[in-house]
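Colleague: This is my_file-v2.txt (compact mmCIF, C-alpha atoms and all ligand atoms).
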```txt
# COMPACT_ATOMS: atom_id res chain seq x y z
CA MET A 763 -13.55 -5.11 -23.38
CA ARG A 764 -10.93 -5.63 -20.71
CA LYS A 765 -11.85 -4.65 -17.15
CA LYS A 766 -10.15 -1.68 -15.51
CA ILE A 767 -8.68 -2.07 -12.06
CA SER A 768 -7.26 0.93 -10.23
CA LEU A 769 -4.98 0.54 -7.26
CA ILE A 770 -4.90 3.57 -4.99
CA GLY A 771 -1.56 3.38 -3.24
CA ALA A 772 1.38 1.90 -5.10
CA GLY A 773 3.42 0.88 -2.08
CA GLN A 774 4.27 -2.65 -0.99
CA ILE A 775 0.74 -4.05 -1.25
CA GLY A 776 -0.20 -1.91 -4.27
CA GLY A 777 2.78 -3.12 -6.29
CA THR A 778 2.16 -6.76 -5.37
CA LEU A 779 -1.53 -6.39 -6.28
CA ALA A 780 -0.54 -5.01 -9.68
CA HIS A 781 1.80 -7.93 -10.29
CA LEU A 782 -0.75 -10.59 -9.29
CA ILE A 783 -3.55 -8.94 -11.30
CA ALA A 784 -1.31 -8.81 -14.37
CA LEU A 785 -0.25 -12.45 -13.99
CA LYS A 786 -3.91 -13.48 -13.68
CA GLU A 787 -4.92 -11.13 -16.54
CA LEU A 788 -7.87 -9.83 -14.54
CA GLY A 789 -7.80 -6.51 -16.36
CA ASP A 790 -5.82 -3.37 -17.18
CA VAL A 791 -4.13 -1.88 -14.14
CA VAL A 792 -3.80 1.78 -13.18
CA LEU A 793 -1.47 2.32 -10.25
CA PHE A 794 -2.21 5.61 -8.48
CA ASP A 795 -0.02 7.16 -5.80
CA VAL A 796 0.69 10.66 -4.52
CA ALA A 797 4.27 9.65 -5.22
CA ALA A 798 3.71 9.43 -8.99
CA GLY A 799 7.21 8.12 -9.69
CA ILE A 800 6.63 5.01 -7.59
CA ALA A 801 3.35 4.30 -9.42
CA LYS A 802 4.92 4.86 -12.84
CA GLY A 803 8.10 2.95 -12.04
CA LYS A 804 6.30 -0.12 -10.71
CA ALA A 805 3.79 -0.14 -13.59
CA LEU A 806 6.65 -0.02 -16.11
CA ASP A 807 8.69 -2.67 -14.30
CA ILE A 808 5.76 -5.12 -14.18
CA ALA A 809 4.82 -4.33 -17.81
CA GLN A 810 8.37 -5.21 -18.83
CA SER A 811 7.83 -8.72 -17.42
CA SER A 812 4.89 -9.32 -19.79
CA PRO A 813 7.03 -10.85 -22.59
CA VAL A 814 8.56 -13.28 -20.07
CA ASN A 815 5.30 -14.18 -18.33
CA GLY A 816 3.12 -13.86 -21.39
CA PHE A 817 0.33 -11.70 -19.99
CA ASN A 818 -1.61 -9.26 -22.08
CA VAL A 819 -2.88 -6.33 -20.00
CA ASN A 820 -1.91 -2.65 -19.87
CA LEU A 821 -0.24 -1.19 -16.81
CA SER A 822 0.19 2.52 -16.12
CA GLY A 823 1.12 4.76 -13.21
CA THR A 824 -0.34 8.15 -12.28
CA ASP A 825 -1.09 10.73 -9.60
CA ASN A 826 -4.18 11.99 -11.43
CA TYR A 827 -7.58 10.55 -10.50
CA GLU A 828 -8.85 11.26 -14.04
CA ASP A 829 -6.70 8.34 -15.20
CA THR A 830 -8.63 6.00 -12.89
CA LYS A 831 -11.97 7.10 -14.39
CA ASN A 832 -14.67 4.42 -14.81
CA SER A 833 -12.76 1.69 -13.00
CA ASP A 834 -14.58 -1.60 -12.53
CA VAL A 835 -12.62 -2.35 -9.37
CA ILE A 836 -10.65 -0.10 -7.04
CA ILE A 837 -8.37 -1.51 -4.37
CA ILE A 838 -7.17 0.98 -1.77
CA THR A 839 -3.93 0.64 0.14
CA ALA A 840 -3.13 4.35 0.40
CA GLY A 841 -1.94 5.10 3.89
CA VAL A 842 0.77 4.44 6.37
CA PRO A 843 1.68 0.93 7.55
CA ARG A 844 2.66 0.00 11.10
CA LYS A 845 6.11 0.38 12.59
CA PRO A 846 7.38 -2.13 15.17
CA GLY A 847 5.50 -1.71 18.47
CA MET A 848 2.50 0.03 16.89
CA THR A 849 -1.02 -1.39 16.84
CA ARG A 850 -3.26 -1.03 13.81
CA ASP A 851 -5.41 1.40 15.80
CA ASP A 852 -2.44 3.77 16.18
CA LEU A 853 -2.77 4.50 12.45
CA LEU A 854 -6.29 5.91 12.77
CA GLY A 855 -5.65 9.68 12.71
CA ILE A 856 -3.28 9.73 9.75
CA ASN A 857 -5.04 7.12 7.62
CA LEU A 858 -8.47 8.67 8.16
CA LYS A 859 -7.21 11.90 6.56
CA ILE A 860 -5.71 9.95 3.66
CA ILE A 861 -8.91 7.95 3.09
CA LYS A 862 -10.93 11.16 2.95
CA GLN A 863 -8.71 12.40 0.10
CA VAL A 864 -9.01 9.07 -1.68
CA ALA A 865 -12.81 9.14 -1.30
CA GLU A 866 -12.92 12.60 -2.89
CA GLY A 867 -10.81 11.32 -5.77
CA ILE A 868 -12.76 8.17 -6.59
CA LYS A 869 -16.25 9.46 -5.85
CA LYS A 870 -16.39 11.66 -8.94
CA THR A 871 -14.49 9.39 -11.28
CA SER A 872 -15.63 5.80 -10.56
CA PRO A 873 -19.07 5.89 -8.90
CA ASN A 874 -19.91 2.34 -10.01
CA ALA A 875 -16.72 0.58 -8.96
CA PHE A 876 -16.48 -2.35 -6.57
CA VAL A 877 -14.19 -0.91 -3.91
CA VAL A 878 -11.95 -3.06 -1.73
CA CYS A 879 -10.22 -1.28 1.14
CA ILE A 880 -7.06 -2.64 2.75
CA THR A 881 -5.86 0.43 4.64
CA ASN A 882 -5.74 0.00 8.44
CA PRO A 883 -7.33 0.18 10.94
CA LEU A 884 -9.43 -1.76 8.49
CA ASP A 885 -13.02 -1.91 9.73
CA VAL A 886 -13.17 1.73 10.74
CA ILE A 887 -11.40 2.97 7.62
CA VAL A 888 -13.74 1.04 5.30
CA MET A 889 -16.75 2.36 7.21
CA ALA A 890 -15.40 5.92 6.88
CA LEU A 891 -14.72 5.33 3.18
CA GLN A 892 -18.33 4.28 2.60
CA LYS A 893 -19.58 7.36 4.42
CA TYR A 894 -17.23 9.73 2.59
CA THR A 895 -18.11 8.32 -0.85
CA ASN A 896 -21.75 7.46 -0.15
CA PHE A 897 -21.30 4.51 -2.53
CA ASN A 898 -23.67 1.55 -2.16
CA LYS A 899 -22.76 -0.42 0.93
CA ASN A 900 -22.66 -3.66 -1.04
CA LYS A 901 -19.98 -2.16 -3.30
CA VAL A 902 -17.62 -1.05 -0.50
CA ILE A 903 -15.86 -3.80 1.41
CA GLY A 904 -12.75 -4.38 3.48
CA MET A 905 -10.08 -7.07 3.15
CA ALA A 906 -8.96 -8.71 6.39
CA GLY A 907 -10.77 -11.96 7.12
CA ILE A 908 -9.28 -13.83 4.17
CA LEU A 909 -5.79 -12.90 5.34
CA ASP A 910 -6.43 -13.68 9.02
CA SER A 911 -8.07 -17.01 8.11
CA SER A 912 -5.23 -17.84 5.75
CA ARG A 913 -2.68 -17.18 8.49
CA PHE A 914 -4.57 -19.41 10.94
CA ILE A 915 -4.94 -22.20 8.38
CA TYR A 916 -1.23 -21.99 7.58
CA PHE A 917 -0.26 -22.23 11.28
CA LEU A 918 -2.61 -25.21 11.75
CA SER A 919 -1.17 -26.95 8.70
CA GLN A 920 2.38 -26.54 10.01
CA GLU A 921 1.43 -27.74 13.47
CA LEU A 922 -0.61 -30.75 12.35
CA ASN A 923 1.39 -31.58 9.25
CA VAL A 924 -1.74 -31.45 7.10
CA SER A 925 -1.97 -29.74 3.72
CA VAL A 926 -3.53 -26.26 3.82
CA LYS A 927 -5.93 -27.56 1.17
CA LYS A 928 -7.46 -29.95 3.69
CA ILE A 929 -8.13 -27.29 6.33
CA GLN A 930 -11.18 -25.08 6.51
CA SER A 931 -11.49 -22.26 8.98
CA LEU A 932 -12.42 -18.65 9.29
CA VAL A 933 -11.50 -15.67 11.39
CA LEU A 934 -14.22 -13.09 11.86
CA GLY A 935 -14.96 -9.86 13.75
CA GLY A 936 -12.76 -6.78 13.72
CA HIS A 937 -9.30 -6.89 12.17
CA GLY A 938 -7.56 -6.10 15.42
CA ASP A 939 -6.40 -7.89 18.52
CA SER A 940 -10.04 -8.86 19.17
CA MET A 941 -10.43 -10.91 15.93
CA VAL A 942 -12.13 -14.28 16.48
CA ALA A 943 -10.92 -17.61 15.11
CA MET A 944 -14.10 -19.65 14.71
CA LEU A 945 -12.97 -22.92 16.27
CA ASN A 946 -16.35 -24.57 15.94
CA HIS A 947 -16.11 -23.95 12.19
CA THR A 948 -12.55 -25.22 11.90
CA LEU A 949 -12.27 -28.54 10.08
CA ILE A 950 -9.10 -30.56 9.59
CA ASP A 951 -9.61 -33.04 6.79
CA GLY A 952 -13.35 -32.87 7.51
CA LYS A 953 -12.96 -33.35 11.27
CA LYS A 954 -13.75 -30.64 13.84
CA ILE A 955 -10.65 -29.29 15.57
CA SER A 956 -12.32 -29.99 18.96
CA LYS A 957 -12.28 -33.68 18.03
CA LEU A 958 -8.52 -33.51 17.43
CA VAL A 959 -8.13 -31.91 20.84
CA GLU A 960 -10.21 -34.72 22.39
CA GLU A 961 -8.06 -37.28 20.61
CA GLY A 962 -4.90 -35.64 21.96
CA LEU A 963 -3.58 -34.73 18.50
CA ILE A 964 -3.26 -31.11 19.62
CA SER A 965 -3.58 -29.71 23.13
CA LYS A 966 -6.02 -26.93 23.96
CA GLU A 967 -3.04 -24.77 25.05
CA ARG A 968 -1.23 -25.27 21.76
CA LEU A 969 -4.40 -24.43 19.85
CA ASP A 970 -4.76 -21.23 21.92
CA ASP A 971 -1.14 -20.39 21.03
CA LEU A 972 -1.96 -20.69 17.32
CA VAL A 973 -5.03 -18.49 17.73
CA ASN A 974 -2.89 -15.89 19.49
CA ARG A 975 -0.18 -16.12 16.86
CA THR A 976 -2.87 -15.44 14.26
CA LYS A 977 -4.09 -12.36 16.13
CA LYS A 978 -0.51 -11.13 16.27
CA GLY A 979 0.33 -12.43 12.79
CA GLY A 980 0.70 -8.95 11.36
CA ALA A 981 2.89 -7.72 14.23
CA GLU A 982 5.20 -10.76 13.89
CA ILE A 983 5.96 -9.73 10.32
CA VAL A 984 6.26 -6.02 11.16
CA LYS A 985 8.89 -6.98 13.72
CA TYR A 986 10.90 -9.01 11.23
CA LEU A 987 10.70 -6.47 8.42
CA GLU A 988 11.47 -3.49 10.70
CA LYS A 989 10.29 -1.23 7.87
CA GLY A 990 6.70 -1.76 6.72
CA SER A 991 4.21 -4.58 7.19
CA ALA A 992 3.08 -7.75 5.43
CA PHE A 993 2.26 -7.43 1.76
CA TYR A 994 2.34 -10.72 -0.17
CA ALA A 995 -0.50 -12.44 1.71
CA PRO A 996 -2.57 -9.23 2.03
CA ALA A 997 -2.29 -8.64 -1.72
CA ALA A 998 -3.23 -12.25 -2.55
CA SER A 999 -6.30 -11.88 -0.33
CA GLY A 1000 -7.39 -8.62 -1.99
CA VAL A 1001 -7.05 -10.19 -5.43
CA GLU A 1002 -9.29 -13.11 -4.42
CA MET A 1003 -12.08 -10.62 -3.61
CA ALA A 1004 -11.63 -8.67 -6.84
CA GLU A 1005 -11.61 -11.89 -8.87
CA SER A 1006 -14.81 -13.21 -7.27
CA TYR A 1007 -16.51 -9.92 -8.23
CA LEU A 1008 -15.12 -9.62 -11.75
CA LYS A 1009 -15.82 -13.25 -12.67
CA ASP A 1010 -19.08 -13.50 -10.67
CA LEU A 1011 -17.66 -16.51 -8.82
CA LYS A 1012 -20.00 -16.06 -5.84
CA LYS A 1013 -17.29 -17.31 -3.49
CA GLN A 1014 -18.00 -17.31 0.23
CA LEU A 1015 -15.24 -15.23 1.77
CA PRO A 1016 -14.70 -13.68 5.21
CA CYS A 1017 -14.60 -9.91 4.61
CA ALA A 1018 -15.35 -6.65 6.41
CA ALA A 1019 -18.87 -5.93 5.20
CA TYR A 1020 -21.63 -3.59 6.30
CA ILE A 1021 -23.70 -5.50 8.86
CA ASP A 1022 -27.33 -4.51 8.98
CA GLY A 1023 -29.12 -6.71 11.49
CA GLN A 1024 -27.26 -9.98 10.86
CA TYR A 1025 -25.86 -11.64 13.99
CA GLY A 1026 -28.06 -9.19 15.96
CA ILE A 1027 -25.69 -6.36 14.99
CA LYS A 1028 -26.49 -3.17 13.13
CA ASP A 1029 -24.74 -0.30 11.38
CA ILE A 1030 -21.10 -1.33 11.55
CA TYR A 1031 -18.46 -2.81 9.25
CA ALA A 1032 -16.75 -5.95 10.53
CA GLY A 1033 -15.59 -9.36 9.37
CA VAL A 1034 -18.38 -11.77 8.41
CA PRO A 1035 -18.67 -14.46 5.72
CA VAL A 1036 -20.09 -12.92 2.54
CA ILE A 1037 -20.88 -14.02 -0.99
CA ILE A 1038 -19.08 -11.86 -3.56
CA GLY A 1039 -20.47 -11.88 -7.08
CA LYS A 1040 -21.22 -9.44 -9.89
CA ASN A 1041 -23.42 -7.33 -7.59
CA GLY A 1042 -20.71 -6.93 -4.98
CA VAL A 1043 -21.62 -8.25 -1.55
CA GLU A 1044 -24.63 -10.35 -2.51
CA LYS A 1045 -25.28 -11.90 0.87
CA ILE A 1046 -23.99 -12.07 4.42
CA ILE A 1047 -23.93 -15.65 5.64
CA GLU A 1048 -25.14 -16.09 9.20
CA LEU A 1049 -23.28 -18.99 10.76
CA LYS A 1050 -24.58 -20.70 13.84
CA LEU A 1051 -22.08 -19.65 16.47
CA SER A 1052 -21.22 -21.51 19.65
CA SER A 1053 -21.77 -19.46 22.81
CA GLU A 1054 -18.01 -18.87 23.13
CA GLU A 1055 -17.72 -17.81 19.48
CA GLU A 1056 -20.69 -15.50 19.86
CA SER A 1057 -19.46 -13.81 23.00
CA ASN A 1058 -15.98 -13.26 21.48
CA PHE A 1059 -17.55 -11.98 18.26
CA LYS A 1060 -19.70 -9.46 20.17
CA LYS A 1061 -16.64 -8.29 22.12
CA SER A 1062 -14.80 -7.77 18.85
CA ILE A 1063 -17.69 -5.76 17.39
CA LYS A 1064 -17.67 -3.61 20.52
CA ALA A 1065 -13.97 -2.86 19.96
CA VAL A 1066 -14.71 -1.80 16.37
CA LYS A 1067 -17.56 0.45 17.53
CA GLU A 1068 -15.31 2.08 20.12
CA LEU A 1069 -12.68 2.78 17.50
CA PHE A 1070 -15.30 4.22 15.17
CA ASP A 1071 -16.39 6.54 18.01
CA ALA A 1072 -12.74 7.64 18.24
CA ALA A 1073 -12.82 8.31 14.47
CA LYS A 1074 -15.94 10.43 14.90
CA LYS A 1075 -14.07 12.52 17.46
CA ILE A 1076 -11.31 13.12 14.93
CA ASP A 1077 -13.79 13.89 12.12
CA PRO A 1078 -17.25 14.87 13.38
CA SER A 1079 -18.57 14.75 9.78
CA LEU A 1080 -18.55 10.93 10.05
P1 LIG A 1101 3.21 1.37 1.85
O1 LIG A 1101 4.20 0.49 1.20
O2 LIG A 1101 3.69 2.48 2.72
O3 LIG A 1101 2.28 2.00 0.71
C1 LIG A 1101 1.31 2.97 0.96
C2 LIG A 1101 1.32 3.92 -0.20
O4 LIG A 1101 0.25 4.87 -0.02
C3 LIG A 1101 2.61 4.75 -0.33
O5 LIG A 1101 3.23 4.50 -1.59
C4 LIG A 1101 2.15 6.20 -0.21
O6 LIG A 1101 2.84 7.09 -1.06
C5 LIG A 1101 0.68 6.09 -0.63
N1 LIG A 1101 -0.15 7.19 -0.16
C6 LIG A 1101 -0.06 7.90 0.97
N2 LIG A 1101 -1.01 8.86 0.99
C7 LIG A 1101 -1.71 8.74 -0.16
C8 LIG A 1101 -2.82 9.43 -0.70
N3 LIG A 1101 -3.40 10.45 -0.07
N4 LIG A 1101 -3.27 9.04 -1.91
C9 LIG A 1101 -2.70 8.00 -2.58
N5 LIG A 1101 -1.65 7.31 -2.10
C10 LIG A 1101 -1.17 7.68 -0.91
O7 LIG A 1101 2.16 0.51 2.73
P2 LIG A 1101 1.62 -0.98 2.44
O8 LIG A 1101 1.29 -1.09 1.01
O9 LIG A 1101 2.53 -1.95 3.07
O10 LIG A 1101 0.30 -0.95 3.33
C11 LIG A 1101 -0.79 -0.13 2.98
C12 LIG A 1101 -1.86 -0.14 4.05
O11 LIG A 1101 -2.41 -1.46 4.19
C13 LIG A 1101 -1.40 0.25 5.46
O12 LIG A 1101 -2.39 1.06 6.08
C14 LIG A 1101 -1.32 -1.10 6.19
O13 LIG A 1101 -1.50 -0.97 7.58
C15 LIG A 1101 -2.48 -1.82 5.56
N6 LIG A 1101 -2.47 -3.27 5.70
C16 LIG A 1101 -3.65 -3.86 5.93
C17 LIG A 1101 -3.72 -5.22 6.08
C18 LIG A 1101 -5.03 -5.88 6.35
O14 LIG A 1101 -5.10 -7.06 6.51
C19 LIG A 1101 -6.24 -5.07 6.45
C20 LIG A 1101 -2.55 -6.01 5.97
C21 LIG A 1101 -1.35 -5.37 5.72
C22 LIG A 1101 -1.30 -3.99 5.59
```
Take the structure I supplied and represent it as structure tokens, if you would.
Modeller:
Amino acid sequence: MRKKISLIGAGQIGGTLAHLIALKELGDVVLFDVAAGIAKGKALDIAQSSPVNGFNVNLSGTDNYEDTKNSDVIIITAGVPRKPGMTRDDLLGINLKIIKQVAEGIKKTSPNAFVVCITNPLDVIVMALQKYTNFNKNKVIGMAGILDSSRFIYFLSQELNVSVKKIQSLVLGGHGDSMVAMLNHTLIDGKKISKLVEEGLISKERLDDLVNRTKKGGAEIVKYLEKGSAFYAPAASGVEMAESYLKDLKKQLPCAAYIDGQYGIKDIYAGVPVIIGKNGVEKIIELKLSSEEESNFKKSIKAVKELFDAAKKIDPSL
């Protein structure tokens, strides 16, 4: 039987997710949105491309959670995106309310789903979502690290004129201005980036610029678009997580997962490398961090904790 994938939020990311999932034939897609017309319209539009692209999955749109019943995967983008000048944290109050409604909707209808959250501010919203649904922590996860790492790898590839396929790196911690590019785990064609700096192929200052551009990667796009935020790369990243779960690929991916003692940290969601397979988050990988990486990572976790405290002030039930 085909898998069922429900997308809660049929906006920019939701629509792109639906398109990518259909092209990859990962399963039947239900697009859910409070604006039912948008969900129905996008589902129909994508379905009408199936004869051209030759995919064989069903797509439908709805504003009724019953239609998302027994989903294998749920990807949540319901919420408000940033406007120019806003930080992700500015979205907390409004998106927390929205995520509570979504949690109510999916909790009754798809208790066994693998749930990927994309709504910002990511780490705090995914933590709230887990608390509101009380789903297993290994089945509730946030998408951010794949996107942030992908942005960094792309910037490095442009700078060094090396194919993205030959670059490995990862960005961990909270998905905010405190995110940490793991430079000690950044390899260019198998060589540590620090070696390239030593060899004068890139200056330390230029490398810092690329790290900063990554941190502000979302804002750069928000500024260009004027209305809305990035959606192609975020959707591609969410699909990679869903695919690793559905096909039991056991890929190692940087994602916002529930940390329970790893890296000396407890009871918080933040970006760490995880293995995603048929059981959801099957393992958190503990990398050996350099002292600089570790201190930046801890700072980032502190920022997430502070924002979660702010969320608790807004909703004391958290
Ligand atoms: P947008 O195109 O506005 O789509 C959001 C959709 O959510 C709209 O169609 C709304 O109608 C719908 N919606 C609002 N309230 C509800 C509700 N209660 N139930 C169901 N649907 C609802 O936004 P987008 O798709 O560009 O972005 C979605 C979210 O992802 C925003 O919070 C962004 O900040 C976030 N985002 C996260 C990343 C990460 O890397 C984590 C990247 C880019 C965007």
Colleague: Using atom CA of Gly980 of chain A and atom O4 of ligand LIG 1101 (chain A) as the two end points, give the distance in Å to one decimal.
Modeller: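 According to the coordinates, atom CA of Gly980 of chain A and atom O4 of ligand LIG 1101 (chain A) are separated by 17.9 Å.
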Colleague: Give me, as a ChimeraX atom specification, all polymer residues having an atom no more than 10 Å from Phe897 of chain A, counting all atoms listed in the file and skipping those fewer than 2 positions away in the same chain.
Modeller: /A:865,869,872-877,891-895,899-902
Colleague: Within 12 Å of segment 1040-1047 of chain A, counting only C-alpha atoms, which residues show up once you throw out same-chain ones fewer than 6 positions away? Write them as a PyMOL selection string, please.
Modeller: chain A and resi 834-835+874-878+897-904+934+1003-1025+1031-1034
Colleague: Selected residues, C-alpha atoms, written as a PDB file, keeping the file's coordinate frame, please.
Modeller:
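File result_18.pdb, as written:
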```
ATOM      1  CA  ASP A 834     -14.580  -1.600 -12.530  1.00  0.00           C
ATOM      2  CA  VAL A 835     -12.620  -2.350  -9.370  1.00  0.00           C
ATOM      3  CA  ASN A 874     -19.910   2.340 -10.010  1.00  0.00           C
ATOM      4  CA  ALA A 875     -16.720   0.580  -8.960  1.00  0.00           C
ATOM      5  CA  PHE A 876     -16.480  -2.350  -6.570  1.00  0.00           C
ATOM      6  CA  VAL A 877     -14.190  -0.910  -3.910  1.00  0.00           C
ATOM      7  CA  VAL A 878     -11.950  -3.060  -1.730  1.00  0.00           C
ATOM      8  CA  PHE A 897     -21.300   4.510  -2.530  1.00  0.00           C
ATOM      9  CA  ASN A 898     -23.670   1.550  -2.160  1.00  0.00           C
ATOM     10  CA  LYS A 899     -22.760  -0.420   0.930  1.00  0.00           C
ATOM     11  CA  ASN A 900     -22.660  -3.660  -1.040  1.00  0.00           C
ATOM     12  CA  LYS A 901     -19.980  -2.160  -3.300  1.00  0.00           C
ATOM     13  CA  VAL A 902     -17.620  -1.050  -0.500  1.00  0.00           C
ATOM     14  CA  ILE A 903     -15.860  -3.800   1.410  1.00  0.00           C
ATOM     15  CA  GLY A 904     -12.750  -4.380   3.480  1.00  0.00           C
ATOM     16  CA  LEU A 934     -14.220 -13.090  11.860  1.00  0.00           C
ATOM     17  CA  MET A1003     -12.080 -10.620  -3.610  1.00  0.00           C
ATOM     18  CA  ALA A1004     -11.630  -8.670  -6.840  1.00  0.00           C
ATOM     19  CA  GLU A1005     -11.610 -11.890  -8.870  1.00  0.00           C
ATOM     20  CA  SER A1006     -14.810 -13.210  -7.270  1.00  0.00           C
ATOM     21  CA  TYR A1007     -16.510  -9.920  -8.230  1.00  0.00           C
ATOM     22  CA  LEU A1008     -15.120  -9.620 -11.750  1.00  0.00           C
ATOM     23  CA  LYS A1009     -15.820 -13.250 -12.670  1.00  0.00           C
ATOM     24  CA  ASP A1010     -19.080 -13.500 -10.670  1.00  0.00           C
ATOM     25  CA  LEU A1011     -17.660 -16.510  -8.820  1.00  0.00           C
ATOM     26  CA  LYS A1012     -20.000 -16.060  -5.840  1.00  0.00           C
ATOM     27  CA  LYS A1013     -17.290 -17.310  -3.490  1.00  0.00           C
ATOM     28  CA  GLN A1014     -18.000 -17.310   0.230  1.00  0.00           C
ATOM     29  CA  LEU A1015     -15.240 -15.230   1.770  1.00  0.00           C
ATOM     30  CA  PRO A1016     -14.700 -13.680   5.210  1.00  0.00           C
ATOM     31  CA  CYS A1017     -14.600  -9.910   4.610  1.00  0.00           C
ATOM     32  CA  ALA A1018     -15.350  -6.650   6.410  1.00  0.00           C
ATOM     33  CA  ALA A1019     -18.870  -5.930   5.200  1.00  0.00           C
ATOM     34  CA  TYR A1020     -21.630  -3.590   6.300  1.00  0.00           C
ATOM     35  CA  ILE A1021     -23.700  -5.500   8.860  1.00  0.00           C
ATOM     36  CA  ASP A1022     -27.330  -4.510   8.980  1.00  0.00           C
ATOM     37  CA  GLY A1023     -29.120  -6.710  11.490  1.00  0.00           C
ATOM     38  CA  GLN A1024     -27.260  -9.980  10.860  1.00  0.00           C
ATOM     39  CA  TYR A1025     -25.860 -11.640  13.990  1.00  0.00           C
ATOM     40  CA  TYR A1031     -18.460  -2.810   9.250  1.00  0.00           C
ATOM     41  CA  ALA A1032     -16.750  -5.950  10.530  1.00  0.00           C
ATOM     42  CA  GLY A1033     -15.590  -9.360   9.370  1.00  0.00           C
ATOM     43  CA  VAL A1034     -18.380 -11.770   8.410  1.00  0.00           C
TER      44      VAL A1034
END
```
Colleague: With distances taken over all atoms listed in the file, which residue among A:Gly936, A:Pro846, A:Gly841, A:Gly777 lies nearest Met905 of chain A?
Modeller: A:Gly936
Colleague: Grab me every residue within 7 Å of ligand LIG 1101 (chain A), counting only C-alpha atoms and all ligand atoms, and send it over as a PyMOL selection string.
Modeller: chain A and resi 770-776+794-797+800+839-844+850+857+860-861+863-864+880-884+905-906+909+937+980+990-993+996
Colleague: Under the rule that all atoms listed in the file are counted, which of A:Gly799, A:Ser931, A:Ile908, A:Glu787 is the nearest residue to Glu1002 of chain A?
Modeller: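 The shortest atom-to-atom distance to Glu1002 of chain A comes from A:Ile908.
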Colleague: Using all atoms listed in the file, find the one residue out of A:Asp951, A:Asp910, A:Asp939, A:Glu921 that sits nearest to Lys1061 of chain A.
Modeller: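 When distances to Lys1061 of chain A are compared using all atoms listed in the file, the smallest one comes from A:Asp939.
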Colleague: To one decimal place in Å, what is the distance between atom CA of Glu1055 of chain A and atom CA of Ala943 of chain A?
Modeller: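 Answer for the atom CA of Glu1055 of chain A to atom CA of Ala943 of chain A separation: 8.1 Å.
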